[in-house]
Amino acid sequence: MDRFRGEPQVAPTEDLARSAAAGDPAALEELLQAIRPEIVRRCGRFLPCREDAEEAAQDVLLQVARKISTFQGRSRFSTWLYTVVANCCRQKYRELKRRSAEEPAPIDAGELADPRTTSVIAGSRLDLLEALDRLEREHPQLVEPLVYRDICQLDYAEAAERTGIPLGTFKSRLHEARKHIRPWLTEAP
């Protein structure tokens with residue numbers, strides 16, 4: 001309790017994550033509540049449809065609950081969480097793509113993407129996810145640097161630490177990833 005206001009103190013996310021990783025179920029519950037809005041927002045960066053982003057967010061929360069014991073506290077919890085978010089969103093995209101290939105839905109002209117509201121990075125976020133999928137097939141070592149820096153917006157040092165490679169190597173791979181992905185994003189369908 002805050003001794004001046006008589007309100008309960010909210011434990012910082014990092015402390016909650018450490019406690020949850022150590023096996024505290026109350027800390028895990030509080031952590032999941034605290035990070036949910038941020039996870040939904042981050043999933044929305046990957047997946048343009050709100051329902052898909054919310055489904056991916058549920059997958060992220062489930063993964064956090066299942067895998068929190070693997071968080072060792074060597075880096076910030078938010079960095080660890082970005083990895084889970086990126087992986088779950090990319091998995092959800094693959095699932096949606098596979099599902100649409102199996103059962104193509106008719107396209108209603110009223111449901112086409114409005115070019116004024118699509119991502120600045122690409123013609124649409126789907127273009128970006130498709131390019132990431134292609135990059136993973138052709139140059140898998142270049143995906144993490146691009147995701148951590150350009151999508152998760154980690155600073156260079158933190159992103160390099162997260163990938164486990166030296167900063168110079170990280171920057172080189174990021175440059176290569178951008179070089180490969182740029183023409184794919186500008187290709188006409």
# chains A, B, ... in the order shown; residues from 1 in each chain; ligands from 1
>>> closest_atom_pairs(of="range 50-114 of chain A", to="range 155-165 of chain A", cutoff="8 Å", atoms="only C-alpha atoms", output="CSV")
residue,atom,partner,partner_atom,distance
A:Ser75,CA,A:Arg162,CA,7.6
A:Thr79,CA,A:Arg162,CA,7.0
A:Trp80,CA,A:Arg162,CA,7.8
>>> select_by_dssp(residues="range 12-185 of chain A", states="alpha helix (DSSP H)", output="MDAnalysis selection string")
chainID A and resid 13:21 25:46 50:67 77:102 125:138 143:146 156:163 167:185
>>> atom_distance(atom1="CA of Leu135 in chain A", atom2="CA of Leu154 in chain A")
19.8 Å
>>> residues_around(residues="Leu132 in chain A", least_positions_apart="5", cutoff="12 Å", atoms="only C-alpha atoms", output="JSON, numbers by chain")
{"A": [46, 86, 87, 89, 90, 91, 93, 94, 122, 125, 126, 127, 137, 138, 139, 140, 141, 142, 143, 144, 145, 146, 147, 150, 151, 177, 178, 180, 181, 182, 184, 185]}
>>> closest_residue(among="A:Glu54, A:Glu102, A:Glu38, A:Asp15", to="Tyr82 in chain A", atoms="only C-alpha atoms")
A:Glu38
>>> residues_around(residues="Ala17 in chain A", least_positions_apart="2", cutoff="12 Å", atoms="only C-alpha atoms", output="PyMOL selection string")
chain A and resi 11-15+19-35+64-65+67-81
>>> residues_around(residues="Pro37 in chain A", least_positions_apart="5", cutoff="12 Å", atoms="only C-alpha atoms", output="PyMOL selection string")
chain A and resi 31-32+42-44+53-54+57-58+60-61
>>> atom_distance(atom1="CA of Val85 in chain A", atom2="CA of Ile39 in chain A")
7.1 Å
>>> atom_distance(atom1="CA of Arg149 in chain A", atom2="CA of Arg98 in chain A")
27.2 Å
>>> closest_residue(among="A:Arg36, A:Lys179, A:Lys171, A:Arg99", to="Ala56 in chain A", atoms="only C-alpha atoms")
A:Arg36
